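Structure file query.csv (CSV, C-alpha atoms) follows.
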```csv
chain,number,residue,atom,x,y,z
A,1136,MET,CA,-51.9,49.6,0.0
A,1137,ARG,CA,-53.7,47.8,-2.8
A,1138,LYS,CA,-54.1,49.3,-6.3
A,1139,ILE,CA,-56.7,48.1,-8.7
A,1140,ALA,CA,-57.2,49.2,-12.3
A,1141,ALA,CA,-59.5,48.1,-15.2
A,1142,THR,CA,-60.5,49.0,-18.7
A,1143,TYR,CA,-63.3,51.1,-17.0
A,1144,ILE,CA,-64.1,52.0,-13.5
A,1145,TYR,CA,-67.7,52.9,-12.6
A,1146,PRO,CA,-67.7,55.2,-9.6
A,1147,ILE,CA,-71.6,55.5,-9.9
A,1148,VAL,CA,-71.6,59.1,-8.7
A,1149,SER,CA,-69.6,60.3,-11.7
A,1150,PRO,CA,-69.0,59.1,-15.3
A,1151,PRO,CA,-67.0,55.9,-16.0
A,1152,ILE,CA,-63.2,56.4,-15.8
A,1153,LYS,CA,-61.2,54.7,-18.6
A,1154,TYR,CA,-58.0,53.0,-17.3
A,1155,GLY,CA,-58.6,54.5,-13.8
A,1156,ILE,CA,-57.0,53.2,-10.6
A,1157,ILE,CA,-58.6,52.7,-7.2
A,1158,TYR,CA,-56.3,52.8,-4.1
A,1159,LEU,CA,-57.4,50.8,-1.0
A,1160,ASP,CA,-55.8,50.7,2.4
A,1161,ASP,CA,-55.4,47.5,4.5
A,1162,ASN,CA,-59.1,47.8,5.6
A,1163,ASN,CA,-60.3,48.0,2.0
A,1164,THR,CA,-61.2,51.6,2.5
A,1165,ILE,CA,-60.9,53.8,-0.7
A,1166,VAL,CA,-58.1,56.4,-0.1
A,1167,LYS,CA,-57.7,57.6,-3.7
A,1168,ILE,CA,-59.3,57.3,-7.2
A,1169,LYS,CA,-57.0,58.2,-10.1
A,1170,ASP,CA,-58.2,59.3,-13.5
A,1171,ASN,CA,-55.4,58.9,-16.0
A,1172,GLY,CA,-57.2,60.8,-18.7
A,1173,GLY,CA,-58.1,57.7,-20.6
A,1174,GLU,CA,-54.5,56.6,-21.0
A,1175,MET,CA,-53.2,53.2,-19.7
A,1176,ILE,CA,-50.3,54.2,-17.4
A,1177,GLU,CA,-48.3,51.5,-15.7
A,1178,GLU,CA,-47.8,51.8,-11.9
A,1179,HIS,CA,-45.8,49.6,-9.6
A,1180,GLY,CA,-47.8,47.1,-7.7
A,1181,CYS,CA,-51.0,47.8,-9.6
A,1182,GLU,CA,-53.4,44.9,-10.5
A,1183,TYR,CA,-54.7,45.4,-14.0
A,1184,TYR,CA,-58.0,43.8,-15.1
A,1185,SER,CA,-59.6,43.4,-18.5
A,1186,GLY,CA,-63.2,44.4,-17.9
A,1187,VAL,CA,-65.1,46.9,-15.9
A,1188,ILE,CA,-65.0,47.5,-12.1
A,1189,VAL,CA,-68.2,48.3,-10.2
A,1190,PRO,CA,-69.0,48.7,-6.5
A,1191,GLY,CA,-70.6,45.9,-4.5
A,1192,PHE,CA,-74.3,45.4,-5.1
A,1193,VAL,CA,-77.2,45.9,-2.7
A,1194,ASN,CA,-80.0,43.4,-2.6
A,1195,ALA,CA,-82.8,45.6,-1.3
A,1196,HIS,CA,-85.3,42.8,-0.8
A,1197,THR,CA,-85.0,39.1,-0.2
A,1198,HIS,CA,-86.1,36.3,2.2
A,1199,LEU,CA,-83.0,34.4,3.2
A,1200,GLU,CA,-84.9,32.1,5.5
A,1201,LEU,CA,-86.9,30.8,2.5
A,1202,SER,CA,-83.8,29.6,0.5
A,1203,HIS,CA,-84.8,26.0,1.1
A,1204,LEU,CA,-87.9,26.5,-1.1
A,1205,LYS,CA,-85.9,26.8,-4.3
A,1206,GLY,CA,-87.7,24.8,-7.0
A,1207,PHE,CA,-90.7,24.1,-4.7
A,1208,PHE,CA,-93.3,26.2,-6.6
A,1209,LYS,CA,-94.5,26.2,-10.2
A,1210,GLN,CA,-94.0,29.3,-12.3
A,1211,GLY,CA,-96.7,31.4,-13.7
A,1212,THR,CA,-99.5,30.3,-11.4
A,1213,GLY,CA,-100.5,33.8,-10.2
A,1214,MET,CA,-100.4,35.5,-6.8
A,1215,ARG,CA,-103.4,33.8,-5.2
A,1216,SER,CA,-102.1,30.3,-6.0
A,1217,PHE,CA,-98.6,31.3,-4.9
A,1218,LEU,CA,-99.9,32.6,-1.6
A,1219,GLN,CA,-102.0,29.6,-0.9
A,1220,SER,CA,-99.0,27.3,-1.6
A,1221,MET,CA,-96.8,29.3,0.7
A,1222,ILE,CA,-99.4,29.2,3.5
A,1223,THR,CA,-100.1,25.5,3.2
A,1224,ARG,CA,-96.6,24.2,2.4
A,1225,PRO,CA,-95.2,21.4,4.5
A,1226,LYS,CA,-93.1,22.4,7.5
A,1227,THR,CA,-89.4,22.2,7.1
A,1228,GLY,CA,-86.9,21.3,9.8
A,1229,ILE,CA,-84.6,24.0,11.2
A,1230,ALA,CA,-81.5,22.2,10.1
A,1231,LYS,CA,-82.4,22.3,6.4
A,1232,ILE,CA,-83.5,25.9,6.7
A,1233,VAL,CA,-80.2,26.9,8.2
A,1234,GLU,CA,-78.2,24.8,5.7
A,1235,TYR,CA,-79.7,26.5,2.6
A,1236,ALA,CA,-79.7,30.0,4.1
A,1237,GLU,CA,-76.0,29.7,5.0
A,1238,GLN,CA,-75.2,28.4,1.5
A,1239,TYR,CA,-77.0,31.3,-0.2
A,1240,ASP,CA,-75.5,33.9,2.2
A,1241,LYS,CA,-72.1,32.8,0.9
A,1242,LEU,CA,-73.3,32.7,-2.7
A,1243,MET,CA,-74.6,36.3,-2.4
A,1244,TYR,CA,-71.2,37.4,-1.1
A,1245,ASN,CA,-69.3,35.6,-3.9
A,1246,GLN,CA,-71.7,37.2,-6.4
A,1247,GLY,CA,-70.6,40.7,-5.3
A,1248,ILE,CA,-73.4,41.6,-2.8
A,1249,VAL,CA,-72.3,43.8,0.1
A,1250,ALA,CA,-75.6,44.7,1.8
A,1251,VAL,CA,-79.1,43.1,2.0
A,1252,GLY,CA,-82.5,44.1,3.1
A,1253,ASP,CA,-83.8,40.8,4.4
A,1254,ILE,CA,-87.4,39.9,5.4
A,1255,SER,CA,-87.5,37.6,8.4
A,1256,ASN,CA,-90.4,36.1,10.4
A,1257,THR,CA,-88.1,34.1,12.6
A,1258,LEU,CA,-84.7,33.9,14.2
A,1259,ASP,CA,-83.6,31.1,11.9
A,1260,THR,CA,-81.0,33.2,10.1
A,1261,LEU,CA,-79.7,35.2,13.1
A,1262,GLU,CA,-76.5,33.3,13.6
A,1263,ILE,CA,-75.8,33.3,9.9
A,1264,LYS,CA,-76.1,37.1,9.8
A,1265,ALA,CA,-74.1,37.5,12.9
A,1266,SER,CA,-71.1,35.8,11.2
A,1267,SER,CA,-71.7,36.9,7.6
A,1268,LYS,CA,-69.4,39.2,5.6
A,1269,ILE,CA,-72.6,40.9,4.3
A,1270,TYR,CA,-74.3,43.8,6.0
A,1271,TYR,CA,-77.9,42.8,6.7
A,1272,HIS,CA,-80.9,45.0,7.7
A,1273,THR,CA,-83.5,42.5,9.0
A,1274,PHE,CA,-87.1,43.5,8.5
A,1275,VAL,CA,-89.1,41.5,11.0
A,1276,GLU,CA,-92.3,41.1,9.0
A,1277,LEU,CA,-95.7,40.9,10.7
A,1278,PHE,CA,-99.0,39.7,9.3
A,1279,GLY,CA,-102.2,38.4,10.7
A,1280,LEU,CA,-105.9,38.9,9.9
A,1281,VAL,CA,-107.5,37.9,13.2
A,1282,GLN,CA,-108.1,41.0,15.3
A,1283,GLN,CA,-107.9,39.1,18.6
A,1284,LYS,CA,-104.4,37.9,17.9
A,1285,SER,CA,-102.9,41.3,17.1
A,1286,ALA,CA,-101.2,41.9,20.4
A,1287,ASP,CA,-99.7,38.4,20.5
A,1288,ILE,CA,-98.4,38.7,16.9
A,1289,TYR,CA,-96.9,42.1,17.7
A,1290,ASN,CA,-95.2,41.0,20.9
A,1291,LYS,CA,-93.6,38.0,19.2
A,1292,GLY,CA,-92.3,40.4,16.5
A,1293,VAL,CA,-90.8,42.7,19.1
A,1294,SER,CA,-89.1,39.7,20.7
A,1295,VAL,CA,-87.6,38.6,17.4
A,1296,CYS,CA,-86.5,42.2,16.5
A,1297,ASN,CA,-84.8,42.7,19.9
A,1298,ALA,CA,-82.9,39.4,19.5
A,1299,TYR,CA,-81.3,40.7,16.3
A,1300,LYS,CA,-80.5,44.0,17.9
A,1301,GLN,CA,-78.9,42.3,20.9
A,1302,ARG,CA,-76.4,40.8,18.4
A,1303,ASN,CA,-75.7,44.3,17.0
A,1304,LEU,CA,-77.7,43.5,13.8
A,1305,ALA,CA,-79.9,46.3,12.3
A,1306,SER,CA,-83.5,45.3,12.6
A,1307,THR,CA,-86.9,46.9,12.5
A,1308,ILE,CA,-90.5,45.7,12.6
A,1309,THR,CA,-92.5,46.1,9.4
A,1310,PRO,CA,-96.0,45.1,8.1
A,1311,HIS,CA,-96.2,42.6,5.2
A,1312,ALA,CA,-98.9,44.1,2.9
A,1313,SER,CA,-102.2,45.9,2.9
A,1314,TYR,CA,-104.2,42.6,2.4
A,1315,SER,CA,-102.5,40.6,5.1
A,1316,LEU,CA,-103.0,42.6,8.3
A,1317,SER,CA,-106.0,43.3,10.5
A,1318,LYS,CA,-106.7,46.9,11.3
A,1319,SER,CA,-105.7,46.4,14.9
A,1320,LEU,CA,-102.3,44.9,14.0
A,1321,LEU,CA,-101.5,47.6,11.6
A,1322,ARG,CA,-102.5,50.2,14.1
A,1323,LYS,CA,-100.3,48.6,16.8
A,1324,ILE,CA,-97.3,48.6,14.5
A,1325,TYR,CA,-97.8,52.2,13.4
A,1326,THR,CA,-98.4,53.6,16.9
A,1327,THR,CA,-95.1,52.2,18.2
A,1328,GLU,CA,-92.8,52.0,15.1
A,1329,ASN,CA,-92.6,55.6,13.8
A,1330,ASN,CA,-89.2,56.9,12.8
A,1331,GLN,CA,-88.3,53.5,11.4
A,1332,LEU,CA,-87.1,51.9,8.3
A,1333,LEU,CA,-90.0,49.9,6.7
A,1334,SER,CA,-90.3,47.5,3.8
A,1335,ILE,CA,-93.8,46.7,2.6
A,1336,HIS,CA,-95.1,44.6,-0.3
A,1337,ILE,CA,-97.3,47.0,-2.3
A,1338,LEU,CA,-99.3,46.4,-5.5
A,1339,GLU,CA,-97.5,43.2,-6.3
A,1340,ASN,CA,-100.8,41.8,-7.7
A,1341,SER,CA,-103.9,43.1,-9.3
A,1342,ILE,CA,-106.3,41.5,-6.7
A,1343,GLU,CA,-104.7,43.7,-4.1
A,1344,GLN,CA,-106.5,46.7,-5.6
A,1345,GLU,CA,-109.8,45.0,-5.8
A,1346,LYS,CA,-112.5,45.1,-3.1
A,1347,LEU,CA,-112.8,41.7,-1.5
A,1348,ASN,CA,-115.6,39.9,-3.3
A,1349,ASP,CA,-117.0,36.4,-3.8
A,1350,SER,CA,-115.2,35.5,-7.0
A,1351,GLN,CA,-113.0,32.4,-7.0
A,1352,GLN,CA,-109.9,34.5,-7.7
A,1353,SER,CA,-110.4,37.0,-4.9
A,1354,LEU,CA,-108.4,37.2,-1.6
A,1355,LYS,CA,-111.7,36.7,0.2
A,1356,SER,CA,-112.1,33.3,-1.5
A,1357,LEU,CA,-108.6,32.4,-0.4
A,1358,TYR,CA,-109.2,33.5,3.2
A,1359,ASN,CA,-112.4,31.6,3.4
A,1360,SER,CA,-110.7,28.4,2.1
A,1361,LEU,CA,-108.2,28.7,4.9
A,1362,GLY,CA,-110.9,29.2,7.6
A,1363,ILE,CA,-110.1,32.9,8.2
A,1364,ILE,CA,-113.3,34.7,9.0
A,1365,ASP,CA,-112.2,38.0,10.5
A,1366,ILE,CA,-110.6,39.6,7.4
A,1367,ALA,CA,-109.4,43.2,7.0
A,1368,ASN,CA,-112.0,44.3,4.4
A,1369,ASN,CA,-110.5,47.8,3.8
A,1370,THR,CA,-111.4,49.6,0.6
A,1371,LYS,CA,-108.6,52.2,0.9
A,1372,HIS,CA,-105.9,52.3,-1.8
A,1373,PRO,CA,-102.9,50.2,-0.7
A,1374,PHE,CA,-100.5,53.2,-0.8
A,1375,GLN,CA,-103.0,55.3,1.3
A,1376,LEU,CA,-103.6,52.5,3.8
A,1377,MET,CA,-99.9,51.7,4.3
A,1378,LEU,CA,-98.5,55.3,4.3
A,1379,GLN,CA,-101.2,57.5,6.0
A,1380,ASP,CA,-100.5,56.5,9.6
A,1381,ILE,CA,-96.7,56.6,9.7
A,1382,ASN,CA,-94.5,59.6,10.2
A,1383,ASN,CA,-90.9,60.5,9.8
A,1384,SER,CA,-90.0,57.1,8.4
A,1385,GLN,CA,-88.2,55.7,5.4
A,1386,LEU,CA,-90.3,53.2,3.4
A,1387,LEU,CA,-89.2,50.7,0.8
A,1388,SER,CA,-92.3,50.0,-1.4
A,1389,VAL,CA,-91.6,46.5,-2.8
A,1390,HIS,CA,-92.7,45.1,-6.1
A,1391,ASN,CA,-95.2,47.8,-7.3
A,1392,THR,CA,-95.9,45.5,-10.3
A,1393,HIS,CA,-99.3,47.0,-11.0
A,1394,ALA,CA,-98.5,50.6,-9.9
A,1395,THR,CA,-99.6,53.4,-12.3
A,1396,ALA,CA,-98.6,57.0,-12.5
A,1397,ASN,CA,-101.7,57.9,-10.5
A,1398,ASP,CA,-100.8,55.4,-7.8
A,1399,TRP,CA,-97.3,57.0,-7.5
A,1400,ASP,CA,-98.8,60.5,-7.3
A,1401,LEU,CA,-101.0,59.3,-4.4
A,1402,ALA,CA,-98.0,57.7,-2.8
A,1403,LEU,CA,-95.8,60.8,-3.1
A,1404,ASN,CA,-98.5,63.1,-1.8
A,1405,THR,CA,-99.1,60.9,1.2
A,1406,ALA,CA,-95.4,60.5,1.8
A,1407,HIS,CA,-94.9,64.3,1.6
A,1408,GLU,CA,-97.7,64.9,4.1
A,1409,ASN,CA,-96.2,62.5,6.6
A,1410,ASN,CA,-92.5,63.2,6.0
A,1411,ILE,CA,-91.7,59.8,4.6
A,1412,SER,CA,-88.7,59.1,2.4
A,1413,LEU,CA,-90.0,56.8,-0.3
A,1414,PHE,CA,-88.0,54.2,-2.3
A,1415,ALA,CA,-89.3,51.7,-4.9
A,1416,VAL,CA,-87.9,48.2,-4.9
A,1417,THR,CA,-88.3,46.1,-8.1
A,1418,CYS,CA,-87.9,42.3,-8.2
A,1419,PRO,CA,-88.3,41.7,-11.9
A,1420,ARG,CA,-87.5,38.0,-12.1
A,1421,SER,CA,-89.7,37.2,-9.2
A,1422,ASN,CA,-92.6,39.1,-10.8
A,1423,MET,CA,-92.0,37.1,-14.0
A,1424,PHE,CA,-91.9,33.9,-12.0
A,1425,ILE,CA,-95.2,34.4,-10.2
A,1426,ASN,CA,-97.3,36.6,-12.5
A,1427,SER,CA,-95.5,36.3,-15.8
A,1428,LEU,CA,-95.2,40.0,-16.2
A,1429,LEU,CA,-93.0,43.0,-15.4
A,1430,PRO,CA,-94.0,46.4,-14.0
A,1431,ASP,CA,-94.7,49.1,-16.5
A,1432,TYR,CA,-91.7,51.2,-15.5
A,1433,SER,CA,-92.9,54.0,-17.8
A,1434,GLN,CA,-95.6,54.6,-15.2
A,1435,TRP,CA,-93.1,54.9,-12.3
A,1436,SER,CA,-92.3,58.3,-10.9
A,1437,ASP,CA,-88.8,59.7,-11.5
A,1438,LYS,CA,-89.1,61.3,-8.0
A,1439,VAL,CA,-88.9,57.9,-6.4
A,1440,PRO,CA,-85.4,56.2,-6.4
A,1441,ILE,CA,-85.6,52.6,-7.7
A,1442,CYS,CA,-83.7,49.8,-6.0
A,1443,ILE,CA,-83.3,46.1,-7.0
A,1444,GLY,CA,-84.2,43.0,-5.0
A,1445,THR,CA,-84.3,39.3,-5.8
A,1446,ASP,CA,-87.2,38.3,-3.6
A,1447,SER,CA,-86.8,34.8,-2.2
A,1448,LEU,CA,-85.7,31.6,-3.9
A,1449,ALA,CA,-89.4,30.5,-3.7
A,1450,SER,CA,-89.9,32.7,-6.7
A,1451,ASN,CA,-86.4,33.0,-8.2
A,1452,THR,CA,-83.5,30.9,-9.4
A,1453,ASP,CA,-80.7,32.7,-7.5
A,1454,LEU,CA,-80.2,35.8,-5.3
A,1455,SER,CA,-77.8,37.6,-7.8
A,1456,ILE,CA,-78.4,41.4,-8.3
A,1457,PHE,CA,-76.1,41.2,-11.3
A,1458,ASN,CA,-78.4,38.6,-12.9
A,1459,GLU,CA,-81.4,40.9,-12.2
A,1460,ILE,CA,-79.5,43.7,-14.1
A,1461,LEU,CA,-78.8,41.4,-17.0
A,1462,PHE,CA,-82.5,40.5,-17.1
A,1463,LEU,CA,-83.6,44.1,-17.1
A,1464,LEU,CA,-81.1,44.9,-19.8
A,1465,GLU,CA,-82.8,42.2,-21.9
A,1466,LYS,CA,-86.4,43.1,-21.1
A,1467,THR,CA,-86.3,46.9,-20.9
A,1468,ASN,CA,-84.7,50.0,-22.5
A,1469,PHE,CA,-82.8,51.2,-19.4
A,1470,SER,CA,-79.1,51.8,-19.8
A,1471,PHE,CA,-76.5,49.9,-17.9
A,1472,ASP,CA,-75.5,53.0,-16.1
A,1473,GLU,CA,-79.0,53.6,-14.8
A,1474,LEU,CA,-79.5,50.0,-13.7
A,1475,LEU,CA,-76.2,50.0,-12.0
A,1476,LYS,CA,-77.4,52.9,-9.8
A,1477,TRP,CA,-80.4,50.9,-8.9
A,1478,GLY,CA,-78.3,48.0,-7.8
A,1479,THR,CA,-75.7,50.0,-5.9
A,1480,ILE,CA,-76.1,53.5,-4.6
A,1481,ASN,CA,-80.0,53.6,-4.6
A,1482,GLY,CA,-80.1,50.4,-2.5
A,1483,ALA,CA,-77.5,51.7,-0.2
A,1484,LYS,CA,-79.4,54.9,0.4
A,1485,ALA,CA,-82.6,52.9,0.9
A,1486,LEU,CA,-81.0,50.9,3.7
A,1487,ASN,CA,-79.2,54.0,5.1
A,1488,VAL,CA,-75.7,52.6,4.5
A,1489,ASP,CA,-74.7,54.9,1.6
A,1490,LYS,CA,-71.9,56.4,3.7
A,1491,LYS,CA,-70.1,53.0,3.5
A,1492,PHE,CA,-71.5,51.2,0.4
A,1493,GLY,CA,-73.0,52.0,-3.0
A,1494,SER,CA,-70.2,53.9,-4.9
A,1495,PHE,CA,-66.5,54.4,-5.3
A,1496,GLU,CA,-65.8,57.4,-3.1
A,1497,ILE,CA,-63.0,58.3,-0.7
A,1498,GLU,CA,-63.4,56.8,2.8
A,1499,LYS,CA,-66.0,54.2,1.6
A,1500,THR,CA,-65.6,50.4,1.8
A,1501,PRO,CA,-68.0,49.5,-1.0
A,1502,GLY,CA,-66.4,46.3,-2.2
A,1503,VAL,CA,-65.0,45.8,-5.7
A,1504,ASN,CA,-66.6,43.7,-8.5
A,1505,LEU,CA,-65.1,42.8,-11.9
A,1506,ILE,CA,-67.4,42.4,-14.9
A,1507,THR,CA,-65.9,40.5,-17.8
A,1508,GLN,CA,-67.4,40.0,-21.3
A,1509,PHE,CA,-68.3,43.6,-21.6
A,1510,ASP,CA,-69.4,45.4,-24.8
A,1511,TYR,CA,-67.4,48.6,-24.9
A,1512,GLU,CA,-69.2,50.0,-27.9
A,1513,LYS,CA,-72.6,49.8,-26.3
A,1514,MET,CA,-71.2,50.2,-22.8
A,1515,LYS,CA,-73.1,47.3,-21.3
A,1516,PRO,CA,-72.4,43.7,-20.4
A,1517,THR,CA,-72.9,41.1,-23.1
A,1518,ASP,CA,-75.3,38.2,-22.6
A,1519,ASN,CA,-72.4,36.0,-21.5
A,1520,ALA,CA,-71.0,38.5,-19.0
A,1521,THR,CA,-69.8,37.3,-15.6
A,1522,ILE,CA,-69.3,38.9,-12.2
A,1523,CYS,CA,-66.3,38.2,-10.0
A,1524,ARG,CA,-65.7,39.7,-6.6
A,1525,ILE,CA,-62.2,41.2,-6.2
A,1526,VAL,CA,-62.6,42.9,-2.8
```
This structure in structure tokens:
Amino acid sequence: MRKIAATYIYPIVSPPIKYGIIYLDDNNTIVKIKDNGGEMIEEHGCEYYSGVIVPGFVNAHTHLELSHLKGFFKQGTGMRSFLQSMITRPKTGIAKIVEYAEQYDKLMYNQGIVAVGDISNTLDTLEIKASSKIYYHTFVELFGLVQQKSADIYNKGVSVCNAYKQRNLASTITPHASYSLSKSLLRKIYTTENNQLLSIHILENSIEQEKLNDSQQSLKSLYNSLGIIDIANNTKHPFQLMLQDINNSQLLSVHNTHATANDWDLALNTAHENNISLFAVTCPRSNMFINSLLPDYSQWSDKVPICIGTDSLASNTDLSIFNEILFLLEKTNFSFDELLKWGTINGAKALNVDKKFGSFEIEKTPGVNLITQFDYEKMKPTDNATICRIV
């Protein structure tokens, strides 16, 4: 039996407990949570910490296999330039890809992350995930604009997805974005992948909403420069295009940087019609890195739970959810309590692992993190706050 106490404990599903105690069995499963009524009461064998204790974090969106690209791209160049650099970047050897992915898997664990929604296009991170202390749901992401290649792209995706499943790793096939798939590939995915967990980039950039045109900044211009002739010139709204043909699924809508209240109304209506559970994933530091702006969260619907992701190291400096929370505390008016829900229980629900992670509750194994340098008057971390994994 392990007993852990702190100045405050944040169960997430209930208000913070001053001088509370968490009891864990030998498997780190919570067996009891004690509220001492705000009084510090000594108990034999109890570990006392100065700071606040929170559950393990959930990184709802990243690309572990791109960890070797840290520092490779310039900031603030915009989505078109970023996409072009991603597509035309030099190939990297598998040894380097694995080395950096393994390093950042361990760093995420040390930074208090217990579960990750990871985008993968390859099997490069399979062995890392198989031996990791972190729970991974791998989204095998498909994209391709040439109609004739749709079957081949899909079949390769199925092969990758099955390889993860054969190692008892959660994995589903998902489309990348409305602007990066041919109609035939999207149709192929949606006719075979219903009742699934999906993660799709939606409204990450303003050009996604524009009809493909001949301007130098349009996606059509990018496709032509890359020699792609057969493009998916679909004028439907991205939410409508990506949600209308799936049923009975759970969807993580990632980025939503340019989403308005009307966009969310359309998303919710379409989701309701098709029995889709909708979650919004925000990656604030990545949005700032690429487009130099944050979403207008005042436009977001309170009917859609928000989760936090880091995106990849191609557009971020680390994969820390705690650092995302600190960034949002600096840039927005959200309370620490609210952001903590985004980074824990909401992410756990989005990945369907909330019975194990996301909050301090009996029979859960959510991990335990200690935050030091905490402002108890404002009930939020200071600018110099640090995170330390205890369990």
Which value, in Å to one decimal, gives the distance between atom CA of Trp1477 of chain A and atom CA of Pro1440 of chain A?
->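 That distance, rounded to one decimal, is 7.7 Å.
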Please provide the set of residues having any atom within 9 Å of Tyr1239 of chain A, restricted to all atoms listed in the file, with same-chain residues fewer than 6 positions apart removed, written as a ChimeraX atom specification.
-> /A:1199,1202,1453-1454
Select from segment 1461-1512 of chain A every residue with an atom at most 10 Å from any atom of segment 1387-1409 of chain A, then for each give the shortest pair of atoms and their distance in Å to one decimal, using only C-alpha atoms, rows by chain and rising number, as JSON lines.
```
{"residue": "A:Gly1482", "atom": "CA", "partner": "A:Leu1387", "partner_atom": "CA", "distance": 9.7}
{"residue": "A:Ala1485", "atom": "CA", "partner": "A:Leu1387", "partner_atom": "CA", "distance": 7.0}
{"residue": "A:Leu1486", "atom": "CA", "partner": "A:Leu1387", "partner_atom": "CA", "distance": 8.7}
```
Do you have the atom CA of Met1175 of chain A-atom CA of Ile1497 of chain A distance handy?
->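 According to the coordinates, atom CA of Met1175 of chain A and atom CA of Ile1497 of chain A are separated by 22.0 Å.
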Name all residues at most 10 Å from segment 1468-1472 of chain A (count all atoms listed in the file; drop same-chain ones fewer than 4 positions away) and give them as a count of residues only.
-> 15
